[in-house]
file protein35.txt (compact mmCIF, C-alpha atoms and all ligand atoms)
# COMPACT_ATOMS: atom_id res chain seq x y z
CA MET H 62 -34.29 1.88 18.46
CA SER H 63 -31.66 3.11 16.02
CA GLY H 64 -28.57 1.03 15.27
CA THR H 65 -26.55 4.16 14.53
CA THR H 66 -23.43 4.24 16.69
CA LEU H 67 -21.54 7.08 15.00
CA PHE H 68 -22.92 9.97 12.97
CA ILE H 69 -21.00 12.57 10.93
CA HIS H 70 -23.23 15.62 10.44
CA ASP H 71 -23.64 18.14 7.69
CA LEU H 72 -20.48 17.73 5.64
CA ASN H 73 -19.84 19.88 2.57
CA ALA H 74 -19.47 16.55 0.78
CA ALA H 75 -18.81 12.84 1.16
CA VAL H 76 -16.65 11.56 -1.69
CA SER H 77 -15.85 7.98 -2.67
CA PRO H 78 -14.67 5.98 -5.68
CA ALA H 79 -17.78 4.85 -7.57
CA GLY H 80 -18.84 1.28 -8.38
CA THR H 81 -17.65 -1.92 -6.75
CA GLY H 82 -14.47 -3.98 -7.09
CA PRO H 83 -11.36 -2.69 -8.90
CA LEU H 84 -11.76 0.30 -11.21
CA ARG H 85 -10.17 -0.17 -14.65
CA GLY H 86 -9.10 2.46 -17.15
CA ALA H 87 -11.38 5.49 -17.46
CA ALA H 88 -13.61 4.23 -14.62
CA LEU H 89 -10.72 5.02 -12.22
CA GLY H 90 -11.78 8.68 -12.28
CA GLU H 91 -15.46 8.04 -11.51
CA LEU H 92 -16.51 9.31 -8.11
CA GLU H 93 -19.66 9.04 -6.07
CA VAL H 94 -20.20 12.50 -4.60
CA HIS H 95 -22.89 13.44 -2.09
CA ALA H 96 -22.94 17.20 -1.45
CA PRO H 97 -23.97 18.10 1.19
CA ALA H 98 -23.83 14.85 3.12
CA SER H 99 -24.06 13.06 6.43
CA VAL H 100 -22.65 9.62 7.20
CA ALA H 101 -24.27 7.07 9.56
CA VAL H 102 -22.27 4.15 10.96
CA SER H 103 -23.40 1.07 12.85
CA GLY H 104 -20.72 -0.92 14.66
CA GLU H 105 -17.84 -1.43 12.22
CA LYS H 106 -19.85 -0.77 9.05
CA ILE H 107 -21.19 2.19 7.12
CA LEU H 108 -24.98 2.30 7.24
CA ALA H 109 -25.73 5.25 4.99
CA VAL H 110 -24.09 8.12 3.11
CA GLY H 111 -26.24 10.83 1.59
CA ASP H 112 -28.42 13.89 1.96
CA PRO H 113 -28.22 15.10 5.61
CA LYS H 114 -31.98 15.31 6.15
CA GLU H 115 -32.60 11.88 4.70
CA VAL H 116 -29.79 10.15 6.64
CA LEU H 117 -30.99 11.84 9.85
CA ARG H 118 -34.55 10.68 9.26
CA GLU H 119 -33.62 7.08 8.35
CA HIS H 120 -30.79 6.54 10.87
CA PRO H 121 -31.18 9.01 13.75
CA PRO H 122 -28.34 9.00 16.30
CA GLY H 123 -29.42 7.31 19.56
CA PRO H 124 -28.41 8.46 23.08
CA ASP H 125 -24.96 6.75 23.09
CA CYS H 126 -24.11 7.65 19.52
CA VAL H 127 -20.78 9.43 18.87
CA GLU H 128 -21.41 12.58 16.86
CA VAL H 129 -18.86 14.35 14.63
CA ASP H 130 -19.31 17.88 13.29
CA GLY H 131 -18.76 17.84 9.54
CA ARG H 132 -19.63 21.48 8.80
CA GLY H 133 -17.24 23.07 6.32
CA ARG H 134 -15.45 19.74 5.90
CA VAL H 135 -15.43 16.68 3.65
CA ALA H 136 -15.45 12.93 4.30
CA LEU H 137 -13.31 10.44 2.36
CA PRO H 138 -12.59 6.72 2.75
CA GLY H 139 -9.55 5.86 4.89
CA LEU H 140 -6.45 5.44 2.71
CA VAL H 141 -5.01 2.02 1.88
CA ASP H 142 -1.23 1.70 1.50
CA CYS H 143 -0.82 -1.53 -0.47
CA HIS H 144 3.02 -1.60 -0.61
CA THR H 145 5.24 -0.88 2.40
CA HIS H 146 8.42 -2.24 3.95
CA ALA H 147 7.54 -0.88 7.41
CA CYS H 148 9.28 -3.66 9.36
CA PHE H 149 12.97 -2.76 9.68
CA LEU H 150 15.60 -1.53 12.11
CA GLY H 151 18.34 1.05 11.55
CA ASP H 152 18.37 3.71 8.85
CA ARG H 153 20.12 4.58 5.59
CA ALA H 154 20.80 8.28 6.21
CA ARG H 155 24.49 7.85 5.31
CA GLU H 156 23.51 6.19 2.04
CA PHE H 157 21.10 9.04 1.33
CA GLU H 158 24.02 11.43 1.74
CA LEU H 159 26.22 9.33 -0.57
CA ARG H 160 23.49 9.36 -3.21
CA ALA H 161 23.25 13.12 -2.89
CA GLY H 162 26.96 13.10 -3.75
CA GLY H 163 26.35 11.09 -6.93
CA ALA H 164 26.42 7.39 -5.88
CA SER H 165 23.59 5.34 -7.37
CA TYR H 166 21.20 3.01 -5.51
CA GLU H 167 22.31 0.06 -7.65
CA GLU H 168 26.02 0.80 -7.07
CA LEU H 169 25.51 0.90 -3.30
CA HIS H 170 23.59 -2.39 -3.50
CA ALA H 171 26.31 -4.06 -5.60
CA ALA H 172 28.92 -2.93 -3.04
CA GLY H 173 27.06 -4.79 -0.26
CA GLY H 174 25.19 -1.76 1.11
CA GLY H 175 21.59 -0.87 0.31
CA ILE H 176 19.06 -3.56 1.23
CA LEU H 177 21.82 -5.70 2.79
CA SER H 178 22.76 -3.01 5.32
CA THR H 179 19.14 -2.98 6.55
CA VAL H 180 19.25 -6.80 6.62
CA GLU H 181 22.23 -6.61 8.97
CA ALA H 182 20.46 -4.19 11.35
CA THR H 183 17.19 -6.14 11.23
CA ARG H 184 18.79 -9.53 11.83
CA ALA H 185 20.52 -8.11 14.92
CA GLY H 186 17.27 -6.97 16.57
CA SER H 187 14.71 -8.88 18.65
CA GLU H 188 11.11 -9.61 17.67
CA ALA H 189 9.94 -7.12 20.34
CA GLU H 190 12.20 -4.37 18.95
CA LEU H 191 10.88 -5.01 15.47
CA ALA H 192 7.25 -5.01 16.62
CA ALA H 193 7.90 -1.65 18.32
CA ALA H 194 9.38 -0.29 15.08
CA VAL H 195 6.37 -1.46 13.06
CA LYS H 196 3.99 0.18 15.55
CA ARG H 197 5.90 3.44 15.36
CA HIS H 198 5.76 3.35 11.55
CA LEU H 199 2.03 2.54 11.61
CA ASP H 200 1.53 5.61 13.86
CA TRP H 201 3.25 7.74 11.21
CA MET H 202 1.07 6.30 8.45
CA LEU H 203 -2.15 6.81 10.40
CA GLU H 204 -1.19 10.43 10.96
CA HIS H 205 -1.38 10.83 7.18
CA GLY H 206 -4.72 9.06 6.83
CA THR H 207 -3.69 5.45 6.18
CA THR H 208 -6.15 3.10 7.89
CA THR H 209 -5.08 -0.14 6.14
CA ALA H 210 -1.51 -1.07 5.20
CA GLU H 211 0.41 -3.93 3.72
CA VAL H 212 3.70 -4.63 5.52
CA LYS H 213 6.37 -6.84 3.93
CA SER H 214 9.10 -8.92 5.52
CA GLY H 215 12.27 -9.08 3.41
CA TYR H 216 15.07 -7.76 5.61
CA GLY H 217 15.73 -11.18 7.17
CA LEU H 218 16.31 -13.39 4.10
CA ASP H 219 17.03 -16.45 6.29
CA ARG H 220 14.48 -18.64 8.09
CA ASP H 221 14.76 -17.32 11.62
CA SER H 222 14.95 -13.66 10.68
CA GLU H 223 12.12 -13.79 8.13
CA LEU H 224 9.82 -15.58 10.59
CA LYS H 225 10.84 -13.14 13.32
CA MET H 226 9.81 -10.28 11.01
CA LEU H 227 6.45 -11.85 10.14
CA ARG H 228 5.66 -12.53 13.81
CA ALA H 229 6.62 -8.94 14.66
CA ILE H 230 4.31 -7.61 11.93
CA VAL H 231 1.38 -9.73 13.18
CA ARG H 232 2.11 -8.76 16.80
CA ALA H 233 2.29 -5.03 16.04
CA ALA H 234 -0.91 -5.22 13.99
CA ALA H 235 -2.82 -6.85 16.85
CA GLU H 236 -2.07 -3.79 19.00
CA HIS H 237 -2.68 -1.08 16.42
CA ALA H 238 -5.72 0.64 14.91
CA VAL H 239 -4.34 0.33 11.37
CA ASP H 240 -5.33 -2.97 9.76
CA VAL H 241 -2.29 -4.80 8.43
CA SER H 242 -1.88 -7.28 5.61
CA PRO H 243 1.47 -9.13 6.00
CA THR H 244 3.47 -10.13 2.91
CA PHE H 245 6.35 -12.62 2.79
CA LEU H 246 9.24 -11.03 0.85
CA GLY H 247 11.90 -13.65 1.66
CA ALA H 248 13.20 -13.22 -1.90
CA HIS H 249 14.05 -9.52 -1.54
CA THR H 250 17.68 -9.99 -2.48
CA VAL H 251 20.25 -12.79 -2.40
CA ALA H 252 21.75 -13.15 1.09
CA PRO H 253 25.58 -13.29 1.18
CA GLU H 254 25.61 -16.83 2.70
CA PHE H 255 24.11 -18.32 -0.49
CA GLY H 256 26.21 -19.23 -3.51
CA SER H 257 23.58 -18.19 -6.04
CA ALA H 258 20.09 -16.77 -6.43
CA ALA H 259 18.78 -20.23 -7.38
CA GLU H 260 20.22 -21.76 -4.23
CA HIS H 261 18.66 -19.03 -2.08
CA VAL H 262 15.24 -19.53 -3.69
CA GLU H 263 15.42 -23.32 -3.17
CA TYR H 264 16.15 -22.70 0.52
CA LEU H 265 13.25 -20.22 0.83
CA VAL H 266 10.82 -22.61 -0.84
CA ARG H 267 11.82 -25.62 1.26
CA GLU H 268 12.79 -24.13 4.62
CA VAL H 269 10.86 -20.88 5.05
CA LEU H 270 7.73 -20.76 2.90
CA PRO H 271 5.75 -23.52 4.69
CA GLU H 272 5.91 -21.62 8.00
CA ALA H 273 5.82 -18.11 6.46
CA ALA H 274 2.55 -18.97 4.69
CA ARG H 275 0.89 -19.34 8.10
CA HIS H 276 1.52 -15.66 8.89
CA ALA H 277 1.32 -13.93 5.49
CA SER H 278 -1.44 -13.45 2.96
CA ALA H 279 0.84 -12.77 -0.03
CA ALA H 280 4.35 -13.51 -1.29
CA ASP H 281 6.55 -10.99 -3.10
CA ILE H 282 9.91 -11.13 -4.93
CA PHE H 283 12.34 -8.52 -6.28
CA LEU H 284 12.87 -9.45 -9.93
CA GLU H 285 15.84 -7.30 -10.97
CA ARG H 286 19.48 -7.53 -12.03
CA GLY H 287 21.52 -8.07 -8.87
CA SER H 288 18.61 -9.83 -7.12
CA PHE H 289 16.43 -12.57 -8.73
CA GLU H 290 15.79 -13.37 -12.39
CA ALA H 291 12.58 -14.70 -13.96
CA PRO H 292 13.30 -18.48 -13.63
CA GLU H 293 13.90 -18.10 -9.88
CA ALA H 294 10.85 -15.87 -9.55
CA ARG H 295 8.73 -18.53 -11.27
CA ARG H 296 9.94 -21.25 -8.89
CA TYR H 297 9.32 -19.08 -5.80
CA LEU H 298 5.93 -17.75 -6.88
CA GLU H 299 4.58 -21.12 -8.03
CA ALA H 300 5.52 -22.59 -4.65
CA ALA H 301 3.87 -19.64 -2.87
CA ARG H 302 0.71 -20.06 -4.93
CA GLU H 303 0.56 -23.73 -3.93
CA ARG H 304 0.61 -22.59 -0.31
CA GLY H 305 -2.42 -20.39 -0.96
CA LEU H 306 -0.63 -17.03 -1.02
CA ALA H 307 -1.52 -14.19 -3.37
CA LEU H 308 1.40 -13.20 -5.62
CA ARG H 309 3.12 -9.81 -5.90
CA LEU H 310 6.27 -8.81 -7.80
CA HIS H 311 8.70 -5.93 -7.57
CA GLY H 312 9.24 -5.62 -11.31
CA ASP H 313 10.70 -3.32 -13.97
CA GLN H 314 12.23 -0.95 -11.40
CA PHE H 315 15.54 -0.47 -13.23
CA SER H 316 15.24 -2.88 -16.17
CA GLU H 317 12.60 -5.01 -17.90
CA ARG H 318 13.40 -8.68 -17.36
CA GLY H 319 10.15 -10.56 -17.67
CA ALA H 320 8.20 -9.51 -14.55
CA VAL H 321 5.06 -8.48 -16.45
CA PRO H 322 4.63 -11.60 -18.65
CA LEU H 323 5.38 -13.84 -15.66
CA ALA H 324 2.84 -12.02 -13.45
CA VAL H 325 0.18 -12.27 -16.15
CA GLU H 326 0.88 -15.96 -16.72
CA LEU H 327 0.75 -16.79 -13.00
CA GLY H 328 -2.30 -14.62 -12.28
CA ALA H 329 -0.45 -12.43 -9.76
CA ARG H 330 -2.28 -9.69 -7.84
CA SER H 331 0.14 -6.97 -8.92
CA VAL H 332 3.42 -5.88 -10.41
CA ASP H 333 4.84 -2.96 -8.46
CA HIS H 334 7.29 -0.19 -9.60
CA LEU H 335 7.20 -0.32 -13.47
CA GLU H 336 9.52 2.68 -13.87
CA ALA H 337 11.30 0.84 -16.72
CA THR H 338 8.21 -0.67 -18.39
CA GLY H 339 7.96 -0.03 -22.13
CA GLU H 340 4.92 0.27 -24.38
CA GLU H 341 4.53 -3.48 -24.96
CA GLY H 342 4.73 -4.33 -21.26
CA ALA H 343 2.26 -1.59 -20.35
CA GLN H 344 -0.24 -2.90 -22.92
CA LEU H 345 0.12 -6.51 -21.77
CA LEU H 346 -0.33 -5.55 -18.11
CA ALA H 347 -3.25 -3.20 -18.79
CA ARG H 348 -5.19 -5.89 -20.67
CA SER H 349 -4.70 -8.41 -17.84
CA GLY H 350 -6.28 -8.79 -14.41
CA VAL H 351 -2.94 -7.96 -12.75
CA ALA H 352 -2.86 -4.55 -11.05
CA ALA H 353 -0.08 -2.01 -11.66
CA VAL H 354 1.08 -0.53 -8.35
CA LEU H 355 2.84 2.79 -8.95
CA LEU H 356 5.28 4.19 -6.39
CA PRO H 357 6.08 7.78 -7.41
CA ALA H 358 7.73 8.64 -4.06
CA CYS H 359 10.36 5.98 -4.85
CA ALA H 360 10.91 7.35 -8.36
CA LEU H 361 11.34 10.80 -6.82
CA PHE H 362 13.62 9.57 -4.02
CA LEU H 363 15.93 7.68 -6.42
CA ASP H 364 15.54 10.13 -9.30
CA LEU H 365 14.24 7.35 -11.56
CA PRO H 366 12.13 7.72 -14.69
CA LEU H 367 8.41 7.79 -13.91
CA PRO H 368 6.11 4.80 -14.49
CA PRO H 369 3.72 5.03 -17.49
CA ALA H 370 0.55 5.87 -15.55
CA ARG H 371 -1.39 7.44 -18.43
CA ALA H 372 -0.54 4.61 -20.83
CA LEU H 373 -1.71 2.02 -18.28
CA ILE H 374 -4.97 3.85 -17.53
CA GLY H 375 -5.54 4.64 -21.22
CA ALA H 376 -5.20 0.95 -22.11
CA GLY H 377 -7.76 -0.06 -19.46
CA GLY H 378 -5.42 -1.22 -16.68
CA ILE H 379 -6.04 -1.52 -12.94
CA VAL H 380 -3.80 1.15 -11.39
CA ALA H 381 -3.08 1.55 -7.67
CA LEU H 382 -0.73 3.88 -5.78
CA ALA H 383 1.39 3.19 -2.70
CA THR H 384 4.22 4.78 -0.71
CA ASP H 385 6.78 1.90 -0.85
CA PHE H 386 7.73 3.19 2.64
CA ASN H 387 11.22 1.79 3.37
CA PRO H 388 14.56 3.11 4.67
CA GLY H 389 16.43 3.01 1.35
CA SER H 390 14.43 3.92 -1.72
CA ALA H 391 11.38 5.74 -0.31
CA PHE H 392 11.55 6.97 3.28
CA CYS H 393 8.03 8.37 2.99
CA GLU H 394 4.88 7.25 4.79
CA SER H 395 2.47 9.83 3.38
CA LEU H 396 -0.11 8.69 0.83
CA PRO H 397 -1.43 12.28 0.40
CA LEU H 398 2.09 13.23 -0.71
CA VAL H 399 2.08 10.26 -3.13
CA MET H 400 -1.32 11.44 -4.44
CA ASN H 401 0.17 14.89 -5.02
CA LEU H 402 3.06 13.33 -6.98
CA ALA H 403 0.56 11.22 -8.94
CA CYS H 404 -1.22 14.42 -10.01
CA THR H 405 1.82 16.60 -10.63
CA ARG H 406 4.25 14.01 -12.06
CA LEU H 407 2.15 11.14 -13.39
CA LYS H 408 -0.65 13.41 -14.63
CA MET H 409 -3.35 11.44 -12.90
CA THR H 410 -6.45 13.41 -11.90
CA PRO H 411 -7.17 13.90 -8.17
CA ALA H 412 -10.14 11.53 -8.57
CA GLU H 413 -7.91 8.85 -10.13
CA ALA H 414 -5.31 9.34 -7.39
CA LEU H 415 -8.01 8.91 -4.71
CA ALA H 416 -9.40 5.67 -6.19
CA ALA H 417 -5.87 4.34 -6.74
CA SER H 418 -5.09 4.94 -3.03
CA THR H 419 -8.34 3.47 -1.71
CA ALA H 420 -10.58 1.09 -3.72
CA ASN H 421 -7.88 -0.20 -6.09
CA ALA H 422 -5.28 -0.51 -3.33
CA ALA H 423 -7.80 -2.54 -1.29
CA HIS H 424 -8.30 -4.78 -4.33
CA VAL H 425 -4.52 -5.41 -4.47
CA LEU H 426 -4.75 -6.62 -0.86
CA GLY H 427 -7.81 -8.77 -1.60
CA LEU H 428 -10.07 -6.65 0.64
CA GLY H 429 -13.53 -6.33 -0.87
CA ASP H 430 -15.21 -4.23 1.85
CA VAL H 431 -12.56 -1.53 2.22
CA GLY H 432 -11.75 1.66 0.30
CA ARG H 433 -15.18 3.20 -0.32
CA LEU H 434 -17.71 5.31 1.56
CA ALA H 435 -20.77 3.20 0.85
CA PRO H 436 -23.26 1.15 2.85
CA GLY H 437 -21.83 -2.21 3.95
CA TYR H 438 -18.19 -1.09 3.66
CA ARG H 439 -15.96 -1.00 6.72
CA ALA H 440 -16.38 2.36 8.44
CA ASP H 441 -12.87 3.73 7.89
CA VAL H 442 -13.56 7.43 7.35
CA LEU H 443 -11.37 10.53 7.15
CA VAL H 444 -12.89 13.93 7.86
CA LEU H 445 -10.62 16.36 6.05
CA ASP H 446 -10.41 19.82 7.59
CA ALA H 447 -10.82 21.50 4.20
CA PRO H 448 -13.84 22.66 2.21
CA ASP H 449 -13.03 20.59 -0.91
CA TRP H 450 -11.87 16.94 -1.01
CA ARG H 451 -9.19 17.74 -3.62
CA HIS H 452 -7.19 19.50 -0.87
CA LEU H 453 -6.01 16.02 0.17
CA ALA H 454 -3.76 15.89 -2.93
CA TYR H 455 -3.52 19.61 -3.61
CA HIS H 456 -2.15 20.81 -0.25
CA LEU H 457 1.43 19.50 -0.58
CA GLY H 458 2.45 18.04 2.77
CA GLY H 459 -0.57 19.74 4.36
CA ASP H 460 -3.06 16.96 4.89
CA ARG H 461 -5.07 18.02 7.94
CA PHE H 462 -7.74 15.83 9.44
CA ALA H 463 -10.52 17.02 11.75
CA ALA H 464 -11.36 13.40 12.63
CA LYS H 465 -10.48 9.83 11.74
CA VAL H 466 -12.82 6.89 12.16
CA LYS H 467 -11.42 3.36 12.11
CA ALA H 468 -13.85 0.43 11.89
CA GLY H 469 -16.58 2.65 13.33
CA ARG H 470 -14.47 3.96 16.21
CA LEU H 471 -13.56 7.65 16.52
CA LEU H 472 -9.77 7.87 17.00
CA ALA H 473 -8.29 10.40 19.39
O1 LIG H 501 10.60 -1.35 -3.37
N1 LIG H 501 13.45 -2.50 -4.83
C1 LIG H 501 13.43 -3.25 -3.88
N2 LIG H 501 12.92 -3.06 -2.67
C2 LIG H 501 12.51 -1.82 -2.11
C3 LIG H 501 13.65 -1.05 -1.52
C4 LIG H 501 14.14 -1.66 -0.29
C5 LIG H 501 15.34 -0.96 0.27
O2 LIG H 501 16.07 -0.24 -0.42
O3 LIG H 501 15.55 -1.18 1.46
C6 LIG H 501 11.74 -0.98 -3.11
O4 LIG H 501 12.21 0.03 -3.62
FE FE H 502 9.05 -2.05 -2.41

call {"tool": "encode", "arguments": {"input": "protein35.txt", "output": "structure tokens"}}
result
Amino acid sequence: MSGTTLFIHDLNAAVSPAGTGPLRGAALGELEVHAPASVAVSGEKILAVGDPKEVLREHPPGPDCVEVDGRGRVALPGLVDCHTHACFLGDRAREFELRAGGASYEELHAAGGGILSTVEATRAGSEAELAAAVKRHLDWMLEHGTTTAEVKSGYGLDRDSELKMLRAIVRAAAEHAVDVSPTFLGAHTVAPEFGSAAEHVEYLVREVLPEAARHASAADIFLERGSFEAPEARRYLEAARERGLALRLHGDQFSERGAVPLAVELGARSVDHLEATGEEGAQLLARSGVAAVLLPACALFLDLPLPPARALIGAGGIVALATDFNPGSAFCESLPLVMNLACTRLKMTPAEALAASTANAAHVLGLGDVGRLAPGYRADVLVLDAPDWRHLAYHLGGDRFAAKVKAGRLLA
């Protein structure tokens, strides 16, 4: 009796990042391509990917097997969005309009708007309202092919509101097909009730982190002028590491102020943004085990300089892509759009953009069995309604899926 529970027949191709683990430097562009291909799934895992006749012979679909027609289509791993702020209430449409009129993101922040206006709206809402917002945002992401997402807290800043956010993220995730990795971003910016950044960090470490660490798998901080500086980031991240959390940093978004050397020293998972990173920082990061998470939708949204993708890849770095989905600096939930920007703006190849949005993004979240179409990996599969896998990045805003499979289950 066959253990095959789902079978995708006769695809033009099945395409996956090659190898195992994170892909560094030139290896980022290496794909494993089976053309033509079929994919056999058993339970939540991929059983086989390969030549249609061979897969059919080795893993024939049994009577209750779900069958998907792959003719004229391609299969890809489900996308992994490793940096989102999908837990928030309210919007920043007025701020968007002000920026269109010439106001800058940093000016709005300094005037008490920006992140703090979303903090006000998020603090005012209930856990149930927040969970509903997260679910709605996860629906949007899944529409664009995201099957695993990180979701950060960070619009609460105080104990009750941060814990409310983390509980809402966990609650929404339990009721949604998208797998969620929660991150504690208590140190997103300094809340107005604290006299200084150092005082706020001390409070977070003592009053919030012990409980937050029970809900989150990583901690993150915004290291930037107007938010937290390197000494505060060190205190916060060392305390988070002691609690067993993986470390992430928002660094070098507007200015270089020590995020990269600190991340390398502390063995962080990633530094994210890097729009302001110079040659030295790029080299240091690329030679380390810390991933560079690039967020080109944010650079586009705020009209910032672009991060040095080619320098990082050329120097052997681990590069991932993410949306940075949030109401202020990147109101964009589409990874295919981000992949298009990676190709057109950052000059990454479509193959590099795919691996950076799947295998390497999974690595940033510490997920070893996600992000590839290969036996033993979690069966998160996209069937793209296009003859060539590159259409995912090439068709700007036109990602069309014939089917999506999440952990072996065909989604409606
Ligand atoms: O990654 N830069 C800091 N945090 C977010 C923006 C959050 C917001 O503006 O609400 C970012 O861009
Ligand atoms: Fe962010």

call {"tool": "atom_distance", "arguments": {"input": "protein35.txt", "atom1": "CA of Arg296 in chain H", "atom2": "CA of Leu373 in chain H"}}
result
27.7 Å

call {"tool": "residues_near_point", "arguments": {"input": "protein35.txt", "point": "(-6.1, 16.4, -9.8)", "cutoff": "10 Å", "atoms": "only C-alpha atoms", "output": "VMD selection string"}}
result
chain H and resid 90 400 to 401 403 to 405 408 to 415 451 to 455

call {"tool": "closest_residue", "arguments": {"input": "protein35.txt", "among": "H:Phe245, H:Phe255, H:Phe392, H:Tyr297", "to": "ligand LIG 501 (chain H)", "atoms": "all atoms listed in the file"}}
result
H:Phe392

call {"tool": "axis_aligned_box", "arguments": {"input": "protein35.txt", "around": "range 97-114 of chain H", "padding_each_side": "6 Å", "output": "JSON"}}
result
{"center_x": -24.9, "center_y": 8.3, "center_z": 7.9, "size_x": 26.1, "size_y": 31.5, "size_z": 25.5}

call {"tool": "residues_near_ligand", "arguments": {"input": "protein35.txt", "ligand": "ligand LIG 501 (chain H)", "cutoff": "6 Å", "atoms": "all atoms listed in the file", "output": "mmCIF file with C-alpha atoms, in the coordinates of the input"}}
result
data_model
loop_
_atom_site.group_PDB
_atom_site.id
_atom_site.type_symbol
_atom_site.label_atom_id
_atom_site.label_comp_id
_atom_site.auth_asym_id
_atom_site.auth_seq_id
_atom_site.Cartn_x
_atom_site.Cartn_y
_atom_site.Cartn_z
ATOM 1 C CA GLY H 175 21.590 -0.870 0.310
ATOM 2 C CA ILE H 176 19.060 -3.560 1.230
ATOM 3 C CA PHE H 283 12.340 -8.520 -6.280
ATOM 4 C CA ASP H 385 6.780 1.900 -0.850
ATOM 5 C CA ASN H 387 11.220 1.790 3.370
ATOM 6 C CA PRO H 388 14.560 3.110 4.670
ATOM 7 C CA GLY H 389 16.430 3.010 1.350
ATOM 8 C CA SER H 390 14.430 3.920 -1.720
#

call {"tool": "atom_distance", "arguments": {"input": "protein35.txt", "atom1": "CA of Leu169 in chain H", "atom2": "CA of Ala337 in chain H"}}
result
19.5 Å

call {"tool": "residues_around", "arguments": {"input": "protein35.txt", "residues": "range 461-466 of chain H", "least_positions_apart": "5", "cutoff": "10 Å", "atoms": "all atoms listed in the file", "output": "PyMOL selection string"}}
result
chain H and resi 67+69+102+105+129-131+134-139+203-208+238+440-447+452-453+456+471-473

call {"tool": "build_atoms", "arguments": {"input": "protein35.txt", "residues": "range 123-138 of chain H", "atoms": "N, CA and C atoms", "output": "mmCIF file, keeping the file's coordinate frame"}}
result
data_model
loop_
_atom_site.group_PDB
_atom_site.id
_atom_site.type_symbol
_atom_site.label_atom_id
_atom_site.label_comp_id
_atom_site.auth_asym_id
_atom_site.auth_seq_id
_atom_site.Cartn_x
_atom_site.Cartn_y
_atom_site.Cartn_z
ATOM 1 N N GLY H 123 -28.820 7.632 18.255
ATOM 2 C CA GLY H 123 -29.420 7.310 19.560
ATOM 3 C C GLY H 123 -28.664 8.005 20.681
ATOM 4 N N PRO H 124 -29.013 7.742 21.929
ATOM 5 C CA PRO H 124 -28.410 8.460 23.080
ATOM 6 C C PRO H 124 -26.902 8.217 23.232
ATOM 7 N N ASP H 125 -26.398 7.012 22.892
ATOM 8 C CA ASP H 125 -24.960 6.750 23.090
ATOM 9 C C ASP H 125 -24.149 6.943 21.808
ATOM 10 N N CYS H 126 -24.778 7.499 20.822
ATOM 11 C CA CYS H 126 -24.110 7.650 19.520
ATOM 12 C C CYS H 126 -23.012 8.720 19.585
ATOM 13 N N VAL H 127 -21.866 8.435 18.970
ATOM 14 C CA VAL H 127 -20.780 9.430 18.870
ATOM 15 C C VAL H 127 -21.100 10.349 17.704
ATOM 16 N N GLU H 128 -21.062 11.654 17.940
ATOM 17 C CA GLU H 128 -21.410 12.580 16.860
ATOM 18 C C GLU H 128 -20.195 13.432 16.466
ATOM 19 N N VAL H 129 -20.010 13.597 15.164
ATOM 20 C CA VAL H 129 -18.860 14.350 14.630
ATOM 21 C C VAL H 129 -19.405 15.490 13.794
ATOM 22 N N ASP H 130 -18.864 16.681 14.021
ATOM 23 C CA ASP H 130 -19.310 17.880 13.290
ATOM 24 C C ASP H 130 -18.601 17.941 11.934
ATOM 25 N N GLY H 131 -19.373 17.839 10.871
ATOM 26 C CA GLY H 131 -18.760 17.840 9.540
ATOM 27 C C GLY H 131 -18.856 19.182 8.830
ATOM 28 N N ARG H 132 -19.388 20.201 9.490
ATOM 29 C CA ARG H 132 -19.630 21.480 8.800
ATOM 30 C C ARG H 132 -18.351 22.102 8.246
ATOM 31 N N GLY H 133 -18.384 22.458 6.984
ATOM 32 C CA GLY H 133 -17.240 23.070 6.320
ATOM 33 C C GLY H 133 -16.147 22.072 5.960
ATOM 34 N N ARG H 134 -16.462 20.781 6.117
ATOM 35 C CA ARG H 134 -15.450 19.740 5.900
ATOM 36 C C ARG H 134 -15.942 18.697 4.901
ATOM 37 N N VAL H 135 -15.050 17.758 4.579
ATOM 38 C CA VAL H 135 -15.430 16.680 3.650
ATOM 39 C C VAL H 135 -15.023 15.321 4.223
ATOM 40 N N ALA H 136 -15.788 14.303 3.870
ATOM 41 C CA ALA H 136 -15.450 12.930 4.300
ATOM 42 C C ALA H 136 -14.948 12.125 3.112
ATOM 43 N N LEU H 137 -13.931 11.301 3.382
ATOM 44 C CA LEU H 137 -13.310 10.440 2.360
ATOM 45 C C LEU H 137 -13.078 9.065 2.986
ATOM 46 N N PRO H 138 -12.946 8.018 2.165
ATOM 47 C CA PRO H 138 -12.590 6.720 2.750
ATOM 48 C C PRO H 138 -11.165 6.757 3.312
#
